[in-house]
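Q: Following this line is protein-v6.tsv, made up of TSV, C-alpha atoms:
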```tsv
chain	number	residue	atom	x	y	z
A	1	MET	CA	-35.51	-85.63	38.53
A	2	ARG	CA	-32.15	-85.00	36.86
A	3	LEU	CA	-32.02	-81.72	34.97
A	4	SER	CA	-31.43	-83.30	31.53
A	5	THR	CA	-34.56	-85.46	31.98
A	6	PHE	CA	-36.52	-82.42	33.10
A	7	LEU	CA	-35.46	-80.49	29.97
A	8	ARG	CA	-36.71	-83.27	27.70
A	9	SER	CA	-39.94	-83.93	29.61
A	10	ASN	CA	-40.90	-80.26	29.92
A	11	ALA	CA	-39.52	-78.98	26.61
A	12	GLU	CA	-42.87	-77.69	25.36
A	13	GLU	CA	-43.55	-75.67	28.53
A	14	ILE	CA	-40.04	-74.22	28.44
A	15	LEU	CA	-40.28	-73.38	24.74
A	16	THR	CA	-43.71	-71.79	25.15
A	17	ALA	CA	-42.18	-69.44	27.72
A	18	TRP	CA	-39.33	-68.79	25.21
A	19	ASP	CA	-41.93	-67.85	22.55
A	20	GLU	CA	-43.74	-65.50	24.90
A	21	PHE	CA	-40.55	-63.75	25.96
A	22	ALA	CA	-39.11	-63.56	22.42
A	23	ALA	CA	-42.30	-61.82	21.31
A	24	THR	CA	-41.61	-59.02	23.80
A	25	VAL	CA	-38.01	-58.38	22.73
A	26	ALA	CA	-37.67	-55.06	20.88
A	27	HIS	CA	-36.02	-55.39	17.48
A	28	ASP	CA	-35.91	-53.60	14.13
A	29	GLY	CA	-37.33	-56.44	12.06
A	30	THR	CA	-40.90	-57.34	11.11
A	31	MET	CA	-43.41	-59.06	13.36
A	32	MET	CA	-42.71	-62.80	13.64
A	33	ASP	CA	-45.09	-65.72	14.03
A	34	LYS	CA	-44.68	-68.51	16.61
A	35	LYS	CA	-42.52	-70.61	14.28
A	36	ASP	CA	-40.12	-67.73	13.67
A	37	LEU	CA	-40.01	-66.78	17.34
A	38	ARG	CA	-39.23	-70.33	18.44
A	39	ASP	CA	-36.61	-70.61	15.71
A	40	HIS	CA	-33.97	-73.16	16.82
A	41	ALA	CA	-34.76	-72.98	20.52
A	42	GLY	CA	-35.84	-76.64	20.58
A	43	GLU	CA	-32.53	-77.76	19.08
A	44	ILE	CA	-30.60	-75.55	21.52
A	45	LEU	CA	-32.49	-77.07	24.46
A	46	ALA	CA	-31.90	-80.61	23.15
A	47	ALA	CA	-28.20	-79.88	22.66
A	48	ILE	CA	-27.95	-78.70	26.28
A	49	ALA	CA	-29.73	-81.83	27.51
A	50	ASN	CA	-27.36	-83.99	25.45
A	51	ASP	CA	-24.37	-82.12	26.89
A	52	LEU	CA	-25.57	-82.73	30.46
A	53	GLU	CA	-25.70	-86.48	29.80
A	54	GLN	CA	-22.21	-86.72	28.34
A	55	PRO	CA	-19.25	-87.59	30.56
A	56	GLN	CA	-16.92	-84.63	31.08
A	57	THR	CA	-13.37	-84.53	32.38
A	58	ALA	CA	-12.12	-81.83	34.72
A	59	ALA	CA	-10.01	-80.43	31.87
A	60	GLU	CA	-13.03	-80.28	29.55
A	61	GLN	CA	-15.07	-78.54	32.23
A	62	GLU	CA	-12.29	-75.98	32.76
A	63	GLU	CA	-12.05	-75.39	29.00
A	64	LYS	CA	-15.79	-74.89	28.68
A	65	SER	CA	-15.97	-72.56	31.68
A	66	ARG	CA	-13.44	-70.31	29.94
A	67	GLY	CA	-15.40	-70.34	26.68
A	68	GLU	CA	-12.59	-72.19	24.93
A	69	SER	CA	-14.58	-75.25	23.86
A	70	LYS	CA	-14.69	-75.41	20.06
A	71	GLN	CA	-16.46	-77.46	17.43
A	72	PRO	CA	-14.35	-80.12	15.73
A	73	GLN	CA	-12.94	-79.24	12.31
A	74	GLY	CA	-15.59	-79.73	9.65
A	75	ALA	CA	-18.43	-80.15	12.15
A	76	LEU	CA	-21.91	-79.03	11.17
A	77	GLU	CA	-23.25	-75.69	12.39
A	78	THR	CA	-24.61	-75.78	15.91
A	79	ALA	CA	-28.18	-74.80	16.69
A	80	ALA	CA	-26.87	-71.73	18.51
A	81	GLU	CA	-24.93	-70.60	15.42
A	82	THR	CA	-27.97	-71.05	13.18
A	83	HIS	CA	-30.08	-69.21	15.75
A	84	ALA	CA	-27.70	-66.24	15.49
A	85	ASP	CA	-28.09	-66.24	11.69
A	86	THR	CA	-31.88	-66.19	11.82
A	87	ARG	CA	-32.04	-63.60	14.57
A	88	MET	CA	-29.66	-61.33	12.67
A	89	VAL	CA	-31.79	-61.62	9.51
A	90	SER	CA	-34.91	-60.95	11.59
A	91	GLY	CA	-33.48	-57.64	12.82
A	92	PHE	CA	-32.50	-58.63	16.36
A	93	ALA	CA	-29.56	-56.72	17.77
A	94	ILE	CA	-26.91	-58.84	19.47
A	95	ASP	CA	-27.93	-57.64	22.95
A	96	ALA	CA	-31.56	-58.59	22.22
A	97	MET	CA	-30.42	-62.10	21.29
A	98	ILE	CA	-28.39	-62.41	24.50
A	99	THR	CA	-31.44	-61.27	26.47
A	100	GLU	CA	-33.33	-64.27	25.07
A	101	TYR	CA	-30.70	-66.62	26.44
A	102	ARG	CA	-30.79	-64.92	29.84
A	103	ALA	CA	-34.56	-65.38	29.96
A	104	LEU	CA	-34.26	-69.02	28.90
A	105	ARG	CA	-31.71	-69.71	31.65
A	106	ALA	CA	-33.83	-68.03	34.34
A	107	ASN	CA	-37.00	-69.78	33.18
A	108	VAL	CA	-35.43	-73.26	33.18
A	109	VAL	CA	-34.01	-72.81	36.68
A	110	HIS	CA	-37.35	-71.47	37.96
A	111	LEU	CA	-39.43	-74.30	36.45
A	112	TRP	CA	-36.97	-76.98	37.56
A	113	THR	CA	-36.76	-75.82	41.16
A	114	SER	CA	-40.57	-75.41	41.26
A	115	ALA	CA	-40.84	-79.05	40.12
A	116	GLY	CA	-38.60	-80.20	42.97
A	117	GLY	CA	-35.18	-79.83	41.40
A	118	GLY	CA	-32.32	-79.19	43.78
A	119	GLN	CA	-33.33	-81.77	46.43
A	120	ASP	CA	-30.41	-84.06	45.57
A	121	HIS	CA	-27.80	-81.49	46.53
A	122	GLN	CA	-24.68	-83.17	45.11
A	123	ASN	CA	-26.07	-84.34	41.77
A	124	ASP	CA	-28.37	-81.37	41.23
A	125	MET	CA	-25.63	-78.87	41.97
A	126	ARG	CA	-23.41	-80.65	39.44
A	127	ASP	CA	-26.24	-80.58	36.89
A	128	LEU	CA	-26.84	-76.88	37.50
A	129	ILE	CA	-23.15	-76.10	36.98
A	130	ARG	CA	-23.10	-78.16	33.79
A	131	PHE	CA	-26.32	-76.46	32.60
A	132	ASN	CA	-24.84	-72.98	33.10
A	133	GLU	CA	-21.67	-74.03	31.28
A	134	ALA	CA	-23.74	-75.34	28.36
A	135	MET	CA	-25.79	-72.16	28.27
A	136	ASP	CA	-22.64	-70.04	28.26
A	137	GLN	CA	-21.27	-72.16	25.43
A	138	ALA	CA	-24.45	-71.63	23.39
A	139	ILE	CA	-24.27	-67.87	24.01
A	140	ALA	CA	-20.59	-67.84	23.00
A	141	GLU	CA	-21.39	-69.70	19.76
A	142	SER	CA	-24.27	-67.34	18.92
A	143	VAL	CA	-22.26	-64.20	19.68
A	144	ALA	CA	-19.23	-65.43	17.73
A	145	ARG	CA	-21.42	-66.26	14.74
A	146	TYR	CA	-23.30	-62.95	14.92
A	147	THR	CA	-20.00	-61.03	15.16
A	148	ASP	CA	-18.50	-62.95	12.24
A	149	GLN	CA	-21.56	-62.31	10.06
A	150	THR	CA	-21.47	-58.63	10.99
A	151	LYS	CA	-17.81	-58.41	9.98
A	152	LYS	CA	-18.56	-60.09	6.66
A	153	SER	CA	-21.34	-57.58	6.03
A	154	THR	CA	-18.97	-54.76	6.93
A	155	ASP	CA	-16.29	-56.06	4.56
A	156	LEU	CA	-18.88	-56.32	1.79
A	157	PHE	CA	-20.05	-52.76	2.48
A	158	ILE	CA	-16.48	-51.47	2.39
A	159	GLY	CA	-15.85	-53.35	-0.84
A	160	ILE	CA	-18.90	-51.85	-2.52
A	161	LEU	CA	-17.96	-48.34	-1.44
A	162	GLY	CA	-14.30	-48.77	-2.29
A	163	HIS	CA	-14.78	-50.28	-5.72
A	164	ASP	CA	-18.27	-50.11	-7.18
A	165	ILE	CA	-18.80	-46.43	-6.33
A	166	ARG	CA	-15.28	-45.01	-6.64
A	167	ASN	CA	-14.79	-46.41	-10.13
A	168	PRO	CA	-17.76	-44.55	-11.68
A	169	LEU	CA	-16.62	-41.38	-9.90
A	170	GLY	CA	-13.20	-41.77	-11.48
A	171	THR	CA	-14.87	-42.09	-14.87
A	172	ILE	CA	-16.85	-38.89	-14.28
A	173	SER	CA	-13.69	-36.98	-13.34
A	174	MET	CA	-11.68	-38.29	-16.33
A	175	SER	CA	-14.56	-37.57	-18.71
A	176	ALA	CA	-14.84	-33.98	-17.48
A	177	GLN	CA	-11.10	-33.47	-18.02
A	178	TYR	CA	-11.33	-34.99	-21.50
A	179	LEU	CA	-14.18	-32.65	-22.43
A	180	VAL	CA	-12.07	-29.67	-21.35
A	181	ARG	CA	-9.08	-30.81	-23.39
A	182	SER	CA	-11.25	-31.38	-26.45
A	183	GLY	CA	-12.84	-27.94	-26.13
A	184	GLN	CA	-16.34	-29.31	-25.57
A	185	LEU	CA	-16.58	-27.99	-21.99
A	186	ALA	CA	-15.37	-24.81	-20.34
A	187	ALA	CA	-12.74	-25.30	-17.64
A	188	HIS	CA	-14.78	-23.46	-14.98
A	189	ALA	CA	-17.73	-25.78	-15.66
A	190	ALA	CA	-15.50	-28.85	-15.32
A	191	ASP	CA	-14.12	-27.52	-12.02
A	192	ALA	CA	-17.56	-27.80	-10.43
A	193	ILE	CA	-17.86	-31.42	-11.60
A	194	ILE	CA	-14.38	-32.40	-10.44
A	195	ASN	CA	-14.79	-30.65	-7.08
A	196	SER	CA	-18.04	-32.53	-6.54
A	197	VAL	CA	-16.28	-35.81	-7.31
A	198	VAL	CA	-13.56	-34.93	-4.80
A	199	ARG	CA	-16.17	-34.19	-2.11
A	200	ILE	CA	-18.04	-37.43	-2.76
A	201	ASN	CA	-14.78	-39.37	-2.66
A	202	ARG	CA	-13.95	-37.78	0.68
A	203	VAL	CA	-17.34	-38.77	2.08
A	204	ILE	CA	-16.75	-42.34	0.87
A	205	GLU	CA	-13.30	-42.40	2.49
A	206	HIS	CA	-14.76	-41.17	5.76
A	207	VAL	CA	-17.52	-43.78	5.78
A	208	VAL	CA	-15.11	-46.60	4.86
A	209	ASP	CA	-12.61	-45.55	7.54
A	210	PHE	CA	-15.34	-45.10	10.14
A	211	THR	CA	-16.81	-48.53	9.37
A	212	ARG	CA	-13.40	-50.21	9.45
A	213	ALA	CA	-12.45	-48.54	12.74
A	214	GLN	CA	-15.74	-49.61	14.32
A	215	SER	CA	-15.39	-53.16	13.00
A	216	GLU	CA	-11.71	-53.75	13.79
A	217	GLY	CA	-11.43	-51.53	16.86
A	218	LEU	CA	-8.42	-49.66	15.48
A	219	MET	CA	-7.64	-47.80	12.26
A	220	PRO	CA	-5.34	-50.03	10.16
A	221	ILE	CA	-1.96	-48.42	9.37
A	222	LYS	CA	1.17	-49.42	7.44
A	223	PRO	CA	4.03	-47.43	8.97
A	224	SER	CA	7.34	-46.96	7.16
A	225	PRO	CA	10.29	-44.51	7.47
A	226	GLY	CA	9.57	-41.04	6.12
A	227	ASN	CA	9.77	-37.31	6.64
A	228	LEU	CA	6.61	-35.66	7.91
A	229	VAL	CA	7.42	-32.23	6.44
A	230	ASN	CA	7.85	-33.68	2.94
A	231	GLN	CA	4.42	-35.31	3.16
A	232	PHE	CA	2.78	-32.21	4.62
A	233	GLU	CA	4.20	-29.98	1.87
A	234	LYS	CA	2.34	-32.09	-0.70
A	235	VAL	CA	-0.92	-31.94	1.24
A	236	VAL	CA	-0.68	-28.19	1.78
A	237	GLU	CA	-0.07	-27.61	-1.93
A	238	GLU	CA	-3.03	-29.83	-2.87
A	239	THR	CA	-5.19	-27.92	-0.40
A	240	ARG	CA	-4.17	-24.59	-1.96
A	241	VAL	CA	-5.14	-25.86	-5.40
A	242	ARG	CA	-8.54	-27.05	-4.18
A	243	ASN	CA	-9.14	-23.84	-2.19
A	244	PRO	CA	-7.60	-20.98	-4.23
A	245	LYS	CA	-9.24	-18.31	-2.06
A	246	ALA	CA	-7.75	-19.66	1.16
A	247	THR	CA	-4.30	-18.77	2.54
A	248	VAL	CA	-2.53	-21.84	3.92
A	249	ARG	CA	0.92	-21.54	5.52
A	250	LEU	CA	3.40	-24.23	6.53
A	251	GLU	CA	6.08	-23.54	9.17
A	252	SER	CA	8.59	-26.06	10.55
A	253	THR	CA	11.78	-26.13	12.58
A	254	GLY	CA	13.74	-29.29	13.38
A	255	ASP	CA	14.04	-32.91	12.30
A	256	PHE	CA	10.81	-34.66	11.30
A	257	ASN	CA	12.04	-38.07	10.26
A	258	GLY	CA	10.17	-40.96	11.82
A	259	ILE	CA	8.06	-44.04	11.15
A	260	TRP	CA	4.41	-43.55	10.28
A	261	ASP	CA	1.84	-44.33	7.67
A	262	GLU	CA	2.46	-41.61	5.10
A	263	GLY	CA	-0.96	-41.94	3.50
A	264	ARG	CA	-2.76	-41.74	6.84
A	265	MET	CA	-0.66	-38.74	7.87
A	266	GLY	CA	-1.68	-36.99	4.67
A	267	GLN	CA	-5.31	-37.88	5.34
A	268	LEU	CA	-4.98	-36.57	8.89
A	269	LEU	CA	-3.63	-33.20	7.82
A	270	SER	CA	-6.07	-32.93	4.90
A	271	ASN	CA	-9.03	-33.48	7.24
A	272	LEU	CA	-7.75	-30.89	9.71
A	273	LEU	CA	-7.11	-28.35	6.95
A	274	THR	CA	-10.55	-28.94	5.45
A	275	ASN	CA	-12.07	-28.41	8.87
A	276	ALA	CA	-10.04	-25.20	9.48
A	277	ILE	CA	-10.96	-23.72	6.09
A	278	SER	CA	-14.62	-24.70	6.44
A	279	TYR	CA	-15.10	-23.21	9.91
A	280	GLY	CA	-12.45	-20.46	10.05
A	281	ALA	CA	-12.70	-16.82	9.04
A	282	ARG	CA	-12.50	-16.57	5.25
A	283	ASP	CA	-10.09	-13.64	5.24
A	284	LYS	CA	-7.61	-15.09	7.75
A	285	PRO	CA	-4.81	-17.59	7.10
A	286	VAL	CA	-4.71	-21.20	8.19
A	287	THR	CA	-1.30	-22.13	9.60
A	288	VAL	CA	0.33	-25.54	9.95
A	289	ARG	CA	3.25	-25.57	12.41
A	290	LEU	CA	5.64	-28.44	13.19
A	291	TRP	CA	8.15	-28.68	16.03
A	292	GLU	CA	10.11	-31.28	17.96
A	293	GLN	CA	9.47	-32.44	21.52
A	294	GLN	CA	12.18	-34.82	22.77
A	295	ASP	CA	11.48	-38.18	21.06
A	296	LYS	CA	8.21	-36.94	19.59
A	297	VAL	CA	7.06	-34.59	16.86
A	298	VAL	CA	4.18	-32.17	17.27
A	299	PHE	CA	2.15	-30.26	14.74
A	300	SER	CA	-0.81	-27.93	14.93
A	301	VAL	CA	-3.40	-26.59	12.51
A	302	HIS	CA	-4.56	-23.12	13.50
A	303	ASN	CA	-7.30	-20.85	12.22
A	304	LEU	CA	-8.93	-17.63	13.39
A	305	GLY	CA	-12.62	-16.91	13.55
A	306	THR	CA	-15.58	-17.75	15.75
A	307	PRO	CA	-14.35	-20.12	18.50
A	308	ILE	CA	-15.72	-23.59	19.10
A	309	PRO	CA	-18.13	-23.50	22.07
A	310	VAL	CA	-16.80	-25.28	25.15
A	311	GLN	CA	-19.61	-27.84	25.11
A	312	GLU	CA	-18.79	-28.72	21.49
A	313	GLN	CA	-15.09	-29.10	22.29
A	314	GLN	CA	-16.02	-31.95	24.63
A	315	GLN	CA	-17.93	-33.77	21.89
A	316	ILE	CA	-16.06	-32.83	18.74
A	317	PHE	CA	-14.09	-36.06	18.27
A	318	LYS	CA	-17.15	-38.27	18.54
A	319	PRO	CA	-18.51	-39.74	15.28
A	320	LEU	CA	-21.43	-38.07	13.50
A	321	VAL	CA	-20.97	-34.84	15.44
A	322	ARG	CA	-20.81	-31.65	13.37
A	323	GLY	CA	-20.01	-28.19	14.61
A	324	GLN	CA	-22.20	-25.19	13.97
A	325	VAL	CA	-20.90	-23.14	11.04
A	326	PRO	CA	-20.80	-19.42	11.85
A	327	ALA	CA	-22.66	-17.21	9.40
A	328	LYS	CA	-19.55	-15.31	8.34
A	329	ALA	CA	-17.53	-18.46	7.64
A	330	GLU	CA	-17.19	-19.66	4.09
A	331	GLN	CA	-18.15	-23.30	4.43
A	332	ARG	CA	-16.68	-25.30	1.59
A	333	GLU	CA	-17.71	-28.77	2.79
A	334	PRO	CA	-21.51	-28.70	3.06
A	335	THR	CA	-21.82	-32.45	2.57
A	336	GLY	CA	-19.68	-33.49	5.55
A	337	LEU	CA	-20.99	-36.32	7.71
A	338	GLY	CA	-19.34	-35.30	10.96
A	339	LEU	CA	-16.75	-38.09	10.69
A	340	GLY	CA	-13.62	-36.10	9.81
A	341	LEU	CA	-12.39	-35.36	13.34
A	342	PHE	CA	-13.29	-38.83	14.58
A	343	ILE	CA	-11.14	-40.28	11.80
A	344	CYS	CA	-8.33	-37.87	12.70
A	345	GLN	CA	-8.47	-39.12	16.27
A	346	GLU	CA	-8.41	-42.76	15.13
A	347	ILE	CA	-5.38	-42.19	12.86
A	348	VAL	CA	-3.51	-40.52	15.72
A	349	ARG	CA	-4.54	-43.25	18.17
A	350	ALA	CA	-3.33	-45.97	15.78
A	351	HIS	CA	0.11	-44.31	15.82
A	352	GLY	CA	0.12	-44.16	19.63
A	353	GLY	CA	-0.24	-40.36	19.68
A	354	SER	CA	-2.73	-37.84	20.99
A	355	ILE	CA	-4.83	-35.00	19.57
A	356	ALA	CA	-6.31	-32.03	21.43
A	357	VAL	CA	-8.26	-28.89	20.59
A	358	SER	CA	-8.09	-25.39	22.09
A	359	SER	CA	-10.33	-22.57	20.98
A	360	ASP	CA	-11.13	-19.05	22.16
A	361	ALA	CA	-12.00	-15.69	20.61
A	362	THR	CA	-8.55	-14.19	21.18
A	363	SER	CA	-6.17	-16.98	20.16
A	364	GLY	CA	-8.32	-18.72	17.59
A	365	THR	CA	-8.68	-22.48	17.16
A	366	SER	CA	-5.82	-24.99	17.18
A	367	PHE	CA	-5.84	-28.74	16.75
A	368	THR	CA	-2.56	-30.08	18.14
A	369	VAL	CA	-1.25	-33.57	17.36
A	370	THR	CA	1.60	-35.23	19.26
A	371	LEU	CA	3.18	-38.30	17.65
A	372	PRO	CA	5.97	-40.65	18.72
A	373	ARG	CA	8.63	-41.03	16.02
A	374	THR	CA	7.90	-44.76	16.11
A	375	PRO	CA	4.30	-45.97	16.52
A	376	VAL	CA	3.52	-47.54	19.89
A	377	ALA	CA	0.53	-49.59	20.94
A	378	PRO	CA	-2.41	-47.27	21.70
A	379	LYS	CA	-3.56	-47.00	25.30
```
Translate this structure into structure tokens?

A:
Amino acid sequence: MRLSTFLRSNAEEILTAWDEFAATVAHDGTMMDKKDLRDHAGEILAAIANDLEQPQTAAEQEEKSRGESKQPQGALETAAETHADTRMVSGFAIDAMITEYRALRANVVHLWTSAGGGQDHQNDMRDLIRFNEAMDQAIAESVARYTDQTKKSTDLFIGILGHDIRNPLGTISMSAQYLVRSGQLAAHAADAIINSVVRINRVIEHVVDFTRAQSEGLMPIKPSPGNLVNQFEKVVEETRVRNPKATVRLESTGDFNGIWDEGRMGQLLSNLLTNAISYGARDKPVTVRLWEQQDKVVFSVHNLGTPIPVQEQQQIFKPLVRGQVPAKAEQREPTGLGLGLFICQEIVRAHGGSIAVSSDATSGTSFTVTLPRTPVAPK
């Protein structure tokens, strides 16, 4: 029996096995009934059977084997694409969905060979190759659809954070400043409100940047000619205003003209300074130093105080990892999510540079960033 005929004649047995396996797949959604579990499996199976019966040129086979076969412009959604939509809504992770396909492939081959498939070596081998190609195509369509829907959800999430939350925060800050100017609120009371707005905004920026980096694989940057010292002077001054009790120094020697994203560079230094002030000794200065290194520029942010444990140094640039704040440190960022250093790393990586940390009780803690004067593709 040719494989396409077997798929049509034994569809119910194959789909029953699909239902049973799908019910065992771990996912974060609610329990599903038989109809939900089967989903569009019948249509996927029928599409594969149809594909096996269609003539196929060598060029078409080569295209499909490489996953390059595409739906015609304006074509309706395939069953595999719709399956990805429903599985995503049902709480299936993408790897759980792929596991379903793997089980379907294995089950079809097992049932077919048990029924006598494979006796006609030439035709059956050709059918089996075509079946695997069709399965791979269905997986590719489901994964592409799932990935696209995930990206759309990510973009929506970023949009909500970037617009619908930041705007009310801006209103709160402006209102507090207006109340101070009109004499209805003491300046020290407004400072607490404005500082809270700044902290919330920073958390939002971290979450947006983290989400974008995870979604796109690389922090987006817009490099242009500029002078790193000029940008850092602004950031250091802003940091002094926000942290009047902290001593922040800036030292530089050499030429620091280059091509980089000025906004991202400011964000990078701001995150490192915030980290140094939060975890460093409150009565010791934080120092930013810049120097040249052939065709690169290097800068470090240094603080004294309790060193970072060696085991933490190995994990510190990973997302959602926060260091332990020593009791004698004056932590000024209690709402941090553990994303700051990960974002620093991603900004540096997007510019083709590197970042490293050294920390001990004698020398203190230094985060050192090395940047090419012109961004290069990250390794």

Q: Can you tell me how far atom CA of Glu292 of chain A sits from atom CA of Gly364 of chain A, in Å to one decimal?

A: 22.3 Å

Q: Would you please work out which residue, of A:Asp19, A:Gly353, A:Asn257, A:Gln137, is nearest to Glu100 of chain A when using only C-alpha atoms?

A: A:Asp19

Q: Set the distance at 6 Å and use all atoms listed in the file: which residues neighbour Val298 of chain A once local chain neighbours fewer than 3 positions away are removed? I'd like the list as an MDAnalysis selection string.

A: chainID A and resid 290:291 369:370

Q: Need to verify the contact set: segment 56-65 of chain A, 12 Å, all atoms listed in the file, exclusion of same-chain residues closer than 3 positions in sequence. Can you return it as a ChimeraX atom specification?

A: /A:50-53,68-71,126-127,129-141

Q: Nearest to Ala93 of chain A: which of A:Arg105, A:Met125, A:Ser142, A:Ile204 is it, counting only C-alpha atoms?

A: A:Ser142

Q: Determine, for each residue of segment 227-271 of chain A having at least one atom at most 12 Å from an atom of segment 184-199 of chain A, the closest pair of atoms and their separation in Å to one decimal, counting all atoms listed in the file; order by chain and ascending number, as CSV.

A:
```
residue,atom,partner,partner_atom,distance
A:Glu238,CA,A:Val198,CA,11.9
A:Thr239,CA,A:Val198,CA,11.8
A:Val241,CA,A:Asn195,CA,10.9
A:Arg242,CA,A:Asn195,CA,7.8
A:Asn243,CA,A:Asn195,CA,10.1
A:Asn271,CA,A:Arg199,CA,11.8
```

Q: So how far away is atom CA of Thr306 of chain A from atom CA of Gln267 of chain A, in Å?

A: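 Between these atoms lies a distance of 24.9 Å.
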
Q: Within 8 Å of Asp85 of chain A, counting only C-alpha atoms, which residues show up once you throw out same-chain ones fewer than 2 positions away? Write them as a PyMOL selection string, please.

A: chain A and resi 81-83+87-89+145-146+149

Q: For each of A:Asn107, A:Ser224, A:Thr211, A:Asn230, take the minimum atom-to-atom distance to Arg373 of chain A, counting all atoms listed in the file, then give the residue where this is smallest.

A: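 Going through A:Asn107, A:Ser224, A:Thr211, A:Asn230 one by one, the smallest distance to Arg373 of chain A is for A:Ser224.
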
Q: Using only C-alpha atoms, which of the listed residues (A:Ile44, A:Val310, A:Val376, A:Ala106) sits closest to Ala11 of chain A?

A: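 Residue with the minimum atom-to-atom distance to Ala11 of chain A: A:Ile44.
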
Q: Enter the distance from atom CA of Ile347 of chain A to atom CA of Ile165 of chain A, in Å, rounded to one decimal.

A: 23.8 Å

Q: Using only C-alpha atoms, can you tell me which of A:Glu346, A:Glu262, A:Glu312, A:Glu20 comes closest to Lys234 of chain A?

A: A:Glu262

Q: Name the closest residue to Glu13 of chain A among the candidates A:Asp95, A:Leu111, A:Gln345, A:Glu205; distances are taken between atoms, counting only C-alpha atoms.

A: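 Comparing A:Asp95, A:Leu111, A:Gln345, A:Glu205 against Glu13 of chain A, the winner is A:Leu111.
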
Q: Take the point (-9.4, -31.6, 4.3) as written in the file and pick out every residue within 12 Å of it, counting all atoms listed in the file; give the list as a ChimeraX atom specification.

A: /A:198-199,201-203,205-206,235-240,242-243,248,265-279,301,332-333,336,339-341,343-344

Q: Please report, as lines of an AutoDock Vina configuration file, the centre and edge lengths in Å to one decimal of an axis-aligned box covering all listed atoms of segment 342-358 of chain A with 3 Å per side.

A:
```
center_x = -6.6
center_y = -35.7
center_z = 16.9
size_x = 19.4
size_y = 26.6
size_z = 16.3
```
